[in-house]
Structure formats: structure tokens, C-alpha cells
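Presented below is the structure to which this report refers.
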Amino acid sequence: MFKLEDFPLPFAASALEPYLSREAVELHHGKHLAGYVATLNGLIGGTGYEELSLEEIIRRSARDGQGQRIFNAAGQVYNHSFFFRCLGRDSPAPFPRRLVDAFGSWENFCANFREMALALFGSGWTWVVEDDSGHRILNSANGDGPVAHGQRPILCLDVWEHAYYLDYRNRRGDYVDAFLHHLISWSAVGTN
């Protein structure tokens with residue numbers, strides 16, 4: 001079974017201020033992610049999923065017609081924990097060369113990423129992934145994400161309203177801009 005402690009914040013809750021408030025981070029991690037962990041545990045208890053890794057639960061439940069609730073809960077846990085690992089206030093680091101090669105420039109990357117995040121209808125996730133075709137920016141909904149499709153996640157933005165509403169209300173564009181210019185841990189992206 002999973003515990004919230006398995007998915008710790010890699011920074012202090014106040015470390016992202018003024019771009020994300022302590023209250024928003026604590027609510028997002030301590031309530032939303034904790035709720036998804038509890039839901040997942042309730043769904044997998046006593047099943048063949050109980051002893052699997054989170055990634056394996058996602059891969060198997062994505063193919064299981066009866067596993068949609070498990071898939072969404074596991075995906076939410078994974079996606080949220082990956083998003084939190086992408087956040088930080090590193091000292092300025094260069095934009096990764098592999099992303100320059102894929103998108104042409106920092107400015108082009110930002111424009112493409114912002115366009116995708118703003119085009120996402122409703123709520124979901126905006127990702128930078130790597131697969132056989134190279135690096136791409138894509139969106140996913142609910143608990144879906146790269147792991148279910150054999151892609152390697154590089155960067156993730158949570159575009160569910162609960163991620164930004166306390167600080168940005170309905171100004172998704174301002175939230176996306178803050179993420180791109182102030183909230184990405186490029187050292188974590190480099191590791192990914």
C-alpha cells in the first residue's frame with residue numbers, strides 16, 4: 001500500500017512563493033494528492049494490483065477494461081508526484097540542449113508549451129515527453145499520462161484548477177507563465 005510519505009515534496013511548502021503560495025502547495029499536496037493515494041489504496045486492497053509498483057499499476061490497469069477507476073487513481077498519484085518533482089526554484093540553469101534541439105529555442109519551446117496548456121479543454125496535464133519520435137509536448141486528461149503509452153515524461157504541468165485557483169483564480173495563462181519562467185526545476189528536468 002502507498003503512503004503520502006512515499007511522494008514527498010522536494011522543497012519546503014513556502015519555497016515557491018510568490019508564484020505558488022504555501023497554502024496552495026499544502027492544499028494541493030496534503031489534501032489532493034493524499035486523497036488520490038487513499039482512493040488508490042482503497043481500490044487495490046485485496047486485488048492483484050496491491051503488490052505492484054505505481055508504474056506497473058498504470059500500465060496494467062490501462063489495458064484492463066474493468067480497471068478504469070484504478071487507472072485514474074494511480075495516474076493521478078503518479079502525475080501529481082511527477083509534477084511536484086518538476087517544481088523548484090533552482091539557481092538559473094541553461095535550457096537543456098536536448099530541448100533546444102527539439103524545439104529550436106527557449107522562446108519557441110515556451111510559446112508551444114503555453115499554447116498546449118491553454119488549449120487543454122477543462123482540466124488535465126501538459127507534458128514534455130520523449131519517445132521514438134523525439135521530444136513532444138502533449139496534453140492528457142484525468143489520470144492518463146505518458147507512462148500508460150510507453151513514453152518517458154520529462155516535464156509536467158498540472159493544469160487542473162485546484163493546482164492554481166487559490167493563487168491565480170481563472171487566469172490560467174498567468175499560472176502557465178509563472179511555471180515556465182519561475183517554477184521549473186531544471187535540475188529535475190535534466191534528471192528526467
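Chain labels follow the order of the C-alpha cells: the first chain is A, the next B, and so on; residue numbering restarts at 1 in every chain, and ligands are counted from 1 in their shown order.
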Q: Please provide the set of residues having any atom within 10 Å of Pro18 of chain A, restricted to only C-alpha atoms, with same-chain residues fewer than 2 positions apart removed, written as a ChimeraX atom specification.
A: /A:14-16,20-22,167,178,182
So that each row is one residue of segment 133-157 of chain A with an atom at most 9 Å from segment 54-69 of chain A, can you give its shortest atom pair and the distance in Å to one decimal, using only C-alpha atoms, rows by chain and rising number, as a tab-separated table?
residue	atom	partner	partner_atom	distance
A:Gly143	CA	A:Ile58	CA	9.0
A:Asp144	CA	A:Ala62	CA	8.6
A:Val147	CA	A:Glu55	CA	6.7
A:Ala148	CA	A:Arg59	CA	5.1
A:His149	CA	A:Arg59	CA	8.0
A:Gly150	CA	A:Arg59	CA	8.6
Expected file: the selected residues, C-alpha atoms, as a PDB file, in the first residue's frame:
ATOM      1  CA  GLY A 143      -5.304  10.020 -14.807  1.00  0.00           C
ATOM      2  CA  ASP A 144      -3.874   9.497 -18.269  1.00  0.00           C
ATOM      3  CA  VAL A 147       3.544   6.032 -18.587  1.00  0.00           C
ATOM      4  CA  ALA A 148       0.386   4.408 -19.976  1.00  0.00           C
ATOM      5  CA  HIS A 149       1.644   4.935 -23.530  1.00  0.00           C
ATOM      6  CA  GLY A 150       5.271   3.887 -23.268  1.00  0.00           C
TER       7      GLY A 150
END
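Between Arg85 of chain A and the residues A:Cys156, A:Ile70, A:Leu4, A:Leu166, the shortest atom-to-atom distance, using only C-alpha atoms, involves A:Cys156.
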Q. Can you list, as a PyMOL selection string, every residue of segment 77-159 of chain A that DSSP puts in strand (DSSP E or B)?
A. chain A and resi 87+125-131+134-140+152-158
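Across A:Tyr175, A:Tyr168, A:Phe11, A:Phe71, the tightest approach to Glu26 of chain A is made by A:Phe11 when counting only C-alpha atoms.
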Q) What's the 8 Å shell around Leu157 of chain A, counting only C-alpha atoms, without same-chain residues fewer than 6 positions away, as a PyMOL selection string? A) chain A and resi 83+125-127+179
Q: Write out as a list in words each polymer residue whose atoms come within 12 Å of Ala13 of chain A, counting only C-alpha atoms; drop sequence neighbours fewer than 5 positions from it.
A: Pro8, Pro18, Tyr19, Leu20, Ser21, Arg22, Glu23, Ala24, Val25, Glu26, Leu27, His28, His29, Gly30, Phe84, Leu87, Gly88 and Arg89 of chain A
Q | Backbone DSSP call of helix (DSSP H, G or I) for segment 96-179 of chain A, listed as a PyMOL selection string | A | chain A and resi 97-103+106-119+146-149+161-168+172-179
Q: Take atom CA of Asn41 of chain A and atom CA of Arg152 of chain A and report the distance between them in Å, one decimal.
A: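 We find that atom CA of Asn41 of chain A and atom CA of Arg152 of chain A lie 25.0 Å from each other.
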Q: Can you work out the spacing between atom CA of Tyr49 of chain A and atom CA of Ala34 of chain A in Å, to one decimal?
A: 19.0 Å
Q: Quick one: pull the distance between atom CA of Gly190 of chain A and atom CA of Pro96 of chain A, Å, one decimal.
A: 6.9 Å
